[in-house]
Structures are given as C-alpha cells and as structure tokens.
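K.L.:
Contents of entry06.pdb (PDB, C-alpha atoms, pLDDT in the B column) are given next:
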ATOM      1  CA  MET Z 287     -26.304  19.307  46.860  1.00 70.00           C
ATOM      2  CA  ALA Z 288     -25.505  22.707  48.353  1.00 81.00           C
ATOM      3  CA  LEU Z 289     -25.168  24.360  44.933  1.00 85.00           C
ATOM      4  CA  LYS Z 290     -28.381  26.095  43.850  1.00 85.00           C
ATOM      5  CA  SER Z 291     -28.254  26.964  40.152  1.00 90.00           C
ATOM      6  CA  ALA Z 292     -27.279  25.022  37.025  1.00 91.00           C
ATOM      7  CA  LYS Z 293     -24.587  27.613  36.212  1.00 91.00           C
ATOM      8  CA  ILE Z 294     -22.926  27.228  39.617  1.00 89.00           C
ATOM      9  CA  ILE Z 295     -23.107  23.414  39.335  1.00 88.00           C
ATOM     10  CA  TRP Z 296     -21.621  23.566  35.817  1.00 86.00           C
ATOM     11  CA  ASP Z 297     -18.761  25.807  36.919  1.00 83.00           C
ATOM     12  CA  TYR Z 298     -18.042  23.516  39.863  1.00 84.00           C
ATOM     13  CA  LEU Z 299     -17.995  20.384  37.676  1.00 80.00           C
ATOM     14  CA  LYS Z 300     -15.889  22.116  35.029  1.00 76.00           C
ATOM     15  CA  GLU Z 301     -13.273  23.100  37.581  1.00 74.00           C
ATOM     16  CA  GLU Z 302     -13.427  19.728  39.349  1.00 72.00           C
ATOM     17  CA  TYR Z 303     -12.992  17.547  36.255  1.00 67.00           C
ATOM     18  CA  ILE Z 304     -11.066  19.773  33.896  1.00 64.00           C
ATOM     19  CA  GLY Z 305      -9.312  22.000  36.378  1.00 63.00           C
ATOM     20  CA  ASP Z 306      -7.682  25.248  35.508  1.00 72.00           C
ATOM     21  CA  GLU Z 307      -5.607  25.534  32.358  1.00 77.00           C
ATOM     22  CA  ARG Z 308      -2.271  24.815  34.045  1.00 80.00           C
ATOM     23  CA  ILE Z 309      -3.519  21.563  35.551  1.00 80.00           C
ATOM     24  CA  ARG Z 310      -5.133  20.574  32.236  1.00 82.00           C
ATOM     25  CA  ASP Z 311      -1.900  21.266  30.361  1.00 86.00           C
ATOM     26  CA  MET Z 312       0.049  19.159  32.852  1.00 88.00           C
ATOM     27  CA  LYS Z 313      -2.413  16.279  32.385  1.00 89.00           C
ATOM     28  CA  VAL Z 314      -2.078  16.580  28.602  1.00 91.00           C
ATOM     29  CA  LEU Z 315       1.732  16.565  28.811  1.00 93.00           C
ATOM     30  CA  SER Z 316       1.646  13.550  31.080  1.00 94.00           C
ATOM     31  CA  LEU Z 317      -0.638  11.671  28.678  1.00 94.00           C
ATOM     32  CA  ILE Z 318       1.475  12.638  25.652  1.00 93.00           C
ATOM     33  CA  ARG Z 319       4.560  11.348  27.448  1.00 95.00           C
ATOM     34  CA  GLU Z 320       2.730   8.103  28.227  1.00 94.00           C
ATOM     35  CA  PHE Z 321       1.737   7.878  24.543  1.00 92.00           C
ATOM     36  CA  GLU Z 322       5.333   8.384  23.417  1.00 92.00           C
ATOM     37  CA  LEU Z 323       6.648   5.726  25.822  1.00 92.00           C
ATOM     38  CA  GLN Z 324       4.176   3.050  24.692  1.00 90.00           C
ATOM     39  CA  LYS Z 325       5.753   0.043  22.962  1.00 89.00           C
ATOM     40  CA  ILE Z 326       4.169  -3.155  21.754  1.00 87.00           C
ATOM     41  CA  LYS Z 327       5.065  -6.188  23.845  1.00 87.00           C
ATOM     42  CA  LYS Z 328       5.952  -9.538  22.260  1.00 85.00           C
ATOM     43  CA  SER Z 329       2.890 -11.195  23.763  1.00 85.00           C
ATOM     44  CA  GLU Z 330       0.581  -8.326  22.783  1.00 87.00           C
ATOM     45  CA  THR Z 331      -1.630  -8.269  19.700  1.00 87.00           C
ATOM     46  CA  VAL Z 332      -1.939  -5.277  17.376  1.00 87.00           C
ATOM     47  CA  LYS Z 333      -5.510  -4.780  18.600  1.00 88.00           C
ATOM     48  CA  GLU Z 334      -4.443  -4.673  22.250  1.00 91.00           C
ATOM     49  CA  HIS Z 335      -1.625  -2.245  21.506  1.00 90.00           C
ATOM     50  CA  SER Z 336      -3.794   0.049  19.380  1.00 89.00           C
ATOM     51  CA  ASP Z 337      -6.522   0.003  22.054  1.00 92.00           C
ATOM     52  CA  GLN Z 338      -4.004   1.240  24.632  1.00 92.00           C
ATOM     53  CA  LEU Z 339      -2.835   4.029  22.321  1.00 92.00           C
ATOM     54  CA  LEU Z 340      -6.383   5.038  21.408  1.00 92.00           C
ATOM     55  CA  SER Z 341      -7.370   5.112  25.076  1.00 94.00           C
ATOM     56  CA  ILE Z 342      -4.595   7.632  25.782  1.00 94.00           C
ATOM     57  CA  ILE Z 343      -5.549   9.634  22.678  1.00 93.00           C
ATOM     58  CA  ASN Z 344      -9.183   9.763  23.768  1.00 93.00           C
ATOM     59  CA  GLU Z 345      -8.172  11.051  27.211  1.00 91.00           C
ATOM     60  CA  VAL Z 346      -6.056  13.749  25.563  1.00 91.00           C
ATOM     61  CA  GLY Z 347      -9.011  14.612  23.304  1.00 90.00           C
ATOM     62  CA  LEU Z 348     -11.287  15.021  26.317  1.00 85.00           C
ATOM     63  CA  LEU Z 349      -8.831  17.583  27.644  1.00 84.00           C
ATOM     64  CA  GLY Z 350      -9.092  19.600  24.435  1.00 84.00           C
ATOM     65  CA  THR Z 351      -5.980  18.525  22.520  1.00 87.00           C
ATOM     66  CA  LYS Z 352      -6.196  16.570  19.283  1.00 88.00           C
ATOM     67  CA  PHE Z 353      -3.785  14.053  17.759  1.00 84.00           C
ATOM     68  CA  LYS Z 354      -3.482  13.802  14.000  1.00 86.00           C
ATOM     69  CA  ASP Z 355      -3.964  10.345  12.495  1.00 86.00           C
ATOM     70  CA  SER Z 356      -0.559  10.672  10.835  1.00 85.00           C
ATOM     71  CA  ARG Z 357       1.098  10.980  14.251  1.00 89.00           C
ATOM     72  CA  ILE Z 358      -0.677   7.843  15.510  1.00 88.00           C
ATOM     73  CA  VAL Z 359       0.254   5.942  12.329  1.00 88.00           C
ATOM     74  CA  ALA Z 360       3.888   7.021  12.693  1.00 87.00           C
ATOM     75  CA  LYS Z 361       3.900   5.896  16.336  1.00 88.00           C
ATOM     76  CA  ILE Z 362       2.544   2.452  15.434  1.00 86.00           C
ATOM     77  CA  LEU Z 363       4.994   2.081  12.539  1.00 84.00           C
ATOM     78  CA  VAL Z 364       7.904   2.882  14.838  1.00 84.00           C
ATOM     79  CA  THR Z 365       6.817   0.656  17.731  1.00 83.00           C
ATOM     80  CA  VAL Z 366       5.641  -2.530  16.005  1.00 81.00           C
ATOM     81  CA  LEU Z 367       7.848  -5.569  16.175  1.00 75.00           C
ATOM     82  CA  GLU Z 368       9.931  -7.050  13.366  1.00 79.00           C
ATOM     83  CA  ARG Z 369       7.250  -9.656  12.684  1.00 78.00           C
ATOM     84  CA  TYR Z 370       5.170  -6.929  11.011  1.00 81.00           C
ATOM     85  CA  GLU Z 371       7.926  -5.708   8.684  1.00 82.00           C
ATOM     86  CA  VAL Z 372       6.403  -7.598   5.739  1.00 80.00           C
ATOM     87  CA  SER Z 373       3.104  -5.734   6.047  1.00 80.00           C
ATOM     88  CA  ILE Z 374       4.851  -2.398   6.453  1.00 82.00           C
ATOM     89  CA  THR Z 375       7.024  -3.016   3.391  1.00 82.00           C
ATOM     90  CA  ILE Z 376       3.971  -3.953   1.326  1.00 81.00           C
ATOM     91  CA  LEU Z 377       2.180  -0.802   2.485  1.00 80.00           C
ATOM     92  CA  GLU Z 378       5.231   1.300   1.595  1.00 81.00           C
ATOM     93  CA  ASN Z 379       5.197  -0.150  -1.914  1.00 82.00           C
ATOM     94  CA  ILE Z 380       1.461   0.344  -2.394  1.00 82.00           C
ATOM     95  CA  LYS Z 381       0.860   3.678  -0.641  1.00 79.00           C
ATOM     96  CA  ASP Z 382       2.620   6.724   0.671  1.00 78.00           C
ATOM     97  CA  LEU Z 383       2.900   5.998   4.398  1.00 75.00           C
ATOM     98  CA  SER Z 384       2.380   9.673   5.230  1.00 77.00           C
ATOM     99  CA  LYS Z 385      -1.105   9.410   3.682  1.00 82.00           C
ATOM    100  CA  ILE Z 386      -2.190   6.032   5.044  1.00 85.00           C
ATOM    101  CA  THR Z 387      -5.099   6.059   7.454  1.00 87.00           C
ATOM    102  CA  LEU Z 388      -5.005   4.532  10.894  1.00 88.00           C
ATOM    103  CA  ALA Z 389      -7.727   2.040   9.923  1.00 89.00           C
ATOM    104  CA  GLU Z 390      -5.757   0.854   6.858  1.00 87.00           C
ATOM    105  CA  LEU Z 391      -2.608   0.334   8.898  1.00 87.00           C
ATOM    106  CA  LEU Z 392      -4.359  -1.530  11.696  1.00 89.00           C
ATOM    107  CA  ASN Z 393      -6.233  -3.733   9.222  1.00 88.00           C
ATOM    108  CA  ALA Z 394      -3.034  -4.646   7.368  1.00 84.00           C
ATOM    109  CA  LEU Z 395      -1.204  -5.524  10.579  1.00 88.00           C
ATOM    110  CA  GLN Z 396      -4.134  -7.500  11.969  1.00 87.00           C
ATOM    111  CA  VAL Z 397      -4.486  -9.485   8.740  1.00 85.00           C
ATOM    112  CA  GLN Z 398      -0.821 -10.490   8.924  1.00 83.00           C
ATOM    113  CA  GLU Z 399      -1.246 -11.419  12.581  1.00 85.00           C
ATOM    114  CA  GLN Z 400      -4.291 -13.587  11.810  1.00 85.00           C
ATOM    115  CA  LYS Z 401      -2.496 -15.334   8.933  1.00 83.00           C
ATOM    116  CA  LYS Z 402       0.427 -16.118  11.202  1.00 80.00           C
ATOM    117  CA  LEU Z 403      -1.894 -17.568  13.832  1.00 80.00           C
ATOM    118  CA  MET Z 404      -3.669 -19.671  11.194  1.00 81.00           C
ATOM    119  CA  ARG Z 405      -0.335 -21.005   9.913  1.00 79.00           C
ATOM    120  CA  GLN Z 406       0.727 -21.912  13.443  1.00 73.00           C
ATOM    121  CA  ASP Z 407      -2.564 -23.758  14.007  1.00 67.00           C
ATOM    122  CA  GLY Z 408      -2.123 -25.576  10.680  1.00 60.00           C
ATOM    123  CA  MET Z 409       1.408 -26.627  11.583  1.00 53.00           C
ATOM    124  CA  VAL Z 410       0.197 -28.131  14.845  1.00 47.00           C
ATOM    125  CA  GLU Z 411      -2.559 -30.036  13.022  1.00 49.00           C
ATOM    126  CA  GLY Z 412      -0.053 -31.229  10.396  1.00 49.00           C
ATOM    127  CA  VAL Z 413       2.295 -32.534  13.077  1.00 48.00           C
ATOM    128  CA  LEU Z 414      -0.518 -34.462  14.717  1.00 48.00           C
ATOM    129  CA  THR Z 415      -1.629 -35.914  11.391  1.00 48.00           C
ATOM    130  CA  THR Z 416       1.912 -36.999  10.500  1.00 47.00           C
ATOM    131  CA  ASN Z 417       2.382 -38.548  13.904  1.00 46.00           C
ATOM    132  CA  HIS Z 418      -0.894 -40.431  13.516  1.00 45.00           C
ATOM    133  CA  LYS Z 419       0.079 -41.757  10.075  1.00 46.00           C
ATOM    134  CA  THR Z 420       3.454 -42.912  11.375  1.00 45.00           C
ATOM    135  CA  GLN Z 421       1.808 -44.783  14.229  1.00 46.00           C
ATOM    136  CA  SER Z 422      -0.793 -46.420  12.006  1.00 47.00           C
ATOM    137  CA  LYS Z 423       1.883 -47.305   9.464  1.00 48.00           C
ATOM    138  CA  GLY Z 424       3.922 -48.837  12.251  1.00 48.00           C
ATOM    139  CA  LYS Z 425       0.986 -51.031  13.219  1.00 49.00           C
ATOM    140  CA  PHE Z 426       0.461 -51.839   9.546  1.00 46.00           C
ATOM    141  CA  LEU Z 427       4.087 -52.930   9.178  1.00 49.00           C
ATOM    142  CA  LYS Z 428       3.786 -55.341  12.085  1.00 53.00           C
ATOM    143  CA  ASN Z 429       0.873 -57.174  10.466  1.00 69.00           C
ATOM    144  CA  TYR Z 430       2.902 -58.465   7.508  1.00 75.00           C
ATOM    145  CA  PRO Z 431       6.050 -60.589   7.549  1.00 81.00           C
ATOM    146  CA  PRO Z 432       8.966 -59.530   5.348  1.00 85.00           C
ATOM    147  CA  CYS Z 433       8.176 -59.955   1.652  1.00 87.00           C
ATOM    148  CA  LYS Z 434       9.908 -62.953   0.015  1.00 88.00           C
ATOM    149  CA  TYR Z 435      10.552 -60.939  -3.175  1.00 87.00           C
ATOM    150  CA  CYS Z 436      11.901 -57.620  -1.846  1.00 88.00           C
ATOM    151  CA  GLY Z 437      12.497 -58.366   1.847  1.00 86.00           C
ATOM    152  CA  LYS Z 438      10.563 -55.291   3.020  1.00 86.00           C
ATOM    153  CA  ASN Z 439       7.700 -55.122   5.515  1.00 82.00           C
ATOM    154  CA  GLY Z 440       4.386 -53.353   5.025  1.00 79.00           C
ATOM    155  CA  HIS Z 441       2.772 -55.219   2.165  1.00 82.00           C
ATOM    156  CA  PRO Z 442       1.518 -58.685   1.407  1.00 83.00           C
ATOM    157  CA  THR Z 443       3.646 -60.800  -0.960  1.00 82.00           C
ATOM    158  CA  TYR Z 444       0.980 -60.814  -3.679  1.00 82.00           C
ATOM    159  CA  LYS Z 445       1.146 -56.960  -3.894  1.00 84.00           C
ATOM    160  CA  CYS Z 446       4.930 -56.738  -4.260  1.00 86.00           C
ATOM    161  CA  TRP Z 447       6.141 -54.950  -7.390  1.00 83.00           C
ATOM    162  CA  LYS Z 448       9.231 -57.145  -7.511  1.00 87.00           C
ATOM    163  CA  ARG Z 449       7.362 -60.449  -7.814  1.00 87.00           C
ATOM    164  CA  PRO Z 450       8.045 -62.288 -11.117  1.00 85.00           C
ATOM    165  CA  ASP Z 451       4.457 -62.119 -12.387  1.00 81.00           C
ATOM    166  CA  ALA Z 452       3.967 -58.364 -11.614  1.00 71.00           C
TER     167      ALA Z 452
END
Could you quickly redo this structure as structure tokens?
P.N.:
Amino acid sequence: MALKSAKIIWDYLKEEYIGDERIRDMKVLSLIREFELQKIKKSETVKEHSDQLLSIINEVGLLGTKFKDSRIVAKILVTVLERYEVSITILENIKDLSKITLAELLNALQVQEQKKLMRQDGMVEGVLTTNHKTQSKGKFLKNYPPCKYCGKNGHPTYKCWKRPDA
C-alpha cells in the first residue's frame, strides 16, 4: 500500500516473486532435480504421474526455462513400470521414439492402463458368475436322485442319454 506508482509496484512484485537471477537459477535447478528424481509408484496411474511431472515443468516454465517435449517423453519412458513395456514396444515399432509427442505417449500408456483395469473387472465378474453357476448346479443336483441308467445326478431319468430308448 505504501508504493505509489505502477512501475514501483511492478518492480517490487517482480523481485518478490521472481527474485534476482541467482535465486531464480537456484529455484530452477531445484525443480529440475525434483523432475529428474520423479519415479512412478506402483499404485500410481499414468495420469497422476504425468500430472506431477507437468506441474514441475510448469513451475520451471514460469521461471523462464523451457523443457523440450522430447526430454519429458524420455523421462516418462525411463520411469514407467514394466507393466507398460508392451505399449512402449508397440510405439517403438510404429514410430521413432525421439519424434513421438508427449500426448501420443500418454494416450498409449493410458489406453493400456484402462484395458488392464477392464480385464481385471471382467475377471472378477467371471469369477462371480462361475461361482453362482456352481452353486445353482449344486442345488440342481440335489433335486434329482441318481439316474438308473448312468448312475449320475443332475438329470431326470427320462432325459438320460444312456437309456435304451434314447
């Protein structure tokens, strides 16, 4: 409130938030180091990991330093877990990885992640369905005495394939 002109206010804000060049360079180095140390966690999705990386990159950009997309792509390729190797191999076969865009890489990895989640959901549903069929079949078996033609449970005698008139 004590500052009178727009120029003085601007200079104050510039120094306060950006600092002098040495401080800015130290902040950039610190952020770059944080970027380099980032690794995807087993419980983390590609989206969560890329959001963390992009947040650091945006902070670096605000301080006047730019990251190339190729550096971000290389970082993601190096840090992703083995479960994404299939997508990376497919991308290597289709495109030159040095020319792939960040969006293409993230989309490919996220598609694989979504397919894996869908398969896991399907497996759970399949297990429940199988369990249900086994239980209902068990009840079904109890309703019929052993067949006089084949000796097996689960069907009435008149439906047995081994009966003489079948």
K.L.:
Could you check the closest approach to Leu349 of chain Z for each of Z:Asp451, Z:Glu302, Z:Glu399, Z:Asp311 and tell me which residue wins, using all atoms listed in the file?
P.N.:
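Closest residue, counting all atoms listed in the file: Z:Asp311.
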K.L.:
Once 6 Å is added on each side, what centre and edge lengths in Å to one decimal does the axis-aligned box around all listed atoms of segment 375-387 of chain Z have, as AutoDock Vina command-line options?
P.N.:
--center_x 1.0 --center_y 2.9 --center_z 2.5 --size_x 24.1 --size_y 25.6 --size_z 21.8
K.L.:
What lies within 12 Å of Glu322 of chain Z using only C-alpha atoms, ignoring chain neighbours under 6 positions off, as number ranges by chain?
P.N.:
Z: 315-316, 338-339, 342-343, 357-358, 360-362, 364-365
K.L.:
Could you give me, as a PyMOL selection string, the residues within 12 Å of Lys333 of chain Z, counting only C-alpha atoms and dropping anything in the same chain fewer than 6 positions from it?
P.N.:
chain Z and resi 326-327+339-341+362+366+389+391-397+399-400
K.L.:
Go ahead and write the residues just picked, C-alpha atoms, as a PDB file, in the coordinates of the input.
P.N.:
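Output (selection30.pdb):
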ATOM      1  CA  ILE Z 326       4.169  -3.155  21.754  1.00 87.00           C
ATOM      2  CA  LYS Z 327       5.065  -6.188  23.845  1.00 87.00           C
ATOM      3  CA  LEU Z 339      -2.835   4.029  22.321  1.00 92.00           C
ATOM      4  CA  LEU Z 340      -6.383   5.038  21.408  1.00 92.00           C
ATOM      5  CA  SER Z 341      -7.370   5.112  25.076  1.00 94.00           C
ATOM      6  CA  ILE Z 362       2.544   2.452  15.434  1.00 86.00           C
ATOM      7  CA  VAL Z 366       5.641  -2.530  16.005  1.00 81.00           C
ATOM      8  CA  ALA Z 389      -7.727   2.040   9.923  1.00 89.00           C
ATOM      9  CA  LEU Z 391      -2.608   0.334   8.898  1.00 87.00           C
ATOM     10  CA  LEU Z 392      -4.359  -1.530  11.696  1.00 89.00           C
ATOM     11  CA  ASN Z 393      -6.233  -3.733   9.222  1.00 88.00           C
ATOM     12  CA  ALA Z 394      -3.034  -4.646   7.368  1.00 84.00           C
ATOM     13  CA  LEU Z 395      -1.204  -5.524  10.579  1.00 88.00           C
ATOM     14  CA  GLN Z 396      -4.134  -7.500  11.969  1.00 87.00           C
ATOM     15  CA  VAL Z 397      -4.486  -9.485   8.740  1.00 85.00           C
ATOM     16  CA  GLU Z 399      -1.246 -11.419  12.581  1.00 85.00           C
ATOM     17  CA  GLN Z 400      -4.291 -13.587  11.810  1.00 85.00           C
TER      18      GLN Z 400
END
K.L.:
Rounded to one decimal place, report the atom CA of Thr375 of chain Z-atom CA of Gln398 of chain Z distance in Å.
P.N.:
12.2 Å
K.L.:
Given the file shown, determine the residues that the PyMOL selection byres ((chain Z and resi 385) around 12) selects; report them as a ChimeraX atom specification.
P.N.:
/Z:354-360,377-378,380-384,386-391
K.L.:
Given the PyMOL selection byres ((chain Z and resi 314) around 12) and the file above, list the residues it selects as an MDAnalysis selection string.
P.N.:
chainID Z and resid 304:305 307:313 315:321 342:353
K.L.:
Check the smallest atom-to-atom distance from each of Z:Val332, Z:Cys433, Z:Val372, Z:Met287 to Lys448 of chain Z using only C-alpha atoms, then report the winner.
P.N.:
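That would be Z:Cys433, the residue with the smallest distance to Lys448 of chain Z.
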K.L.:
Which value, in Å to one decimal, gives the distance between atom CA of Pro442 of chain Z and atom CA of Tyr430 of chain Z?
P.N.:
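Interatomic distance, atom CA of Pro442 of chain Z to atom CA of Tyr430 of chain Z: 6.3 Å.
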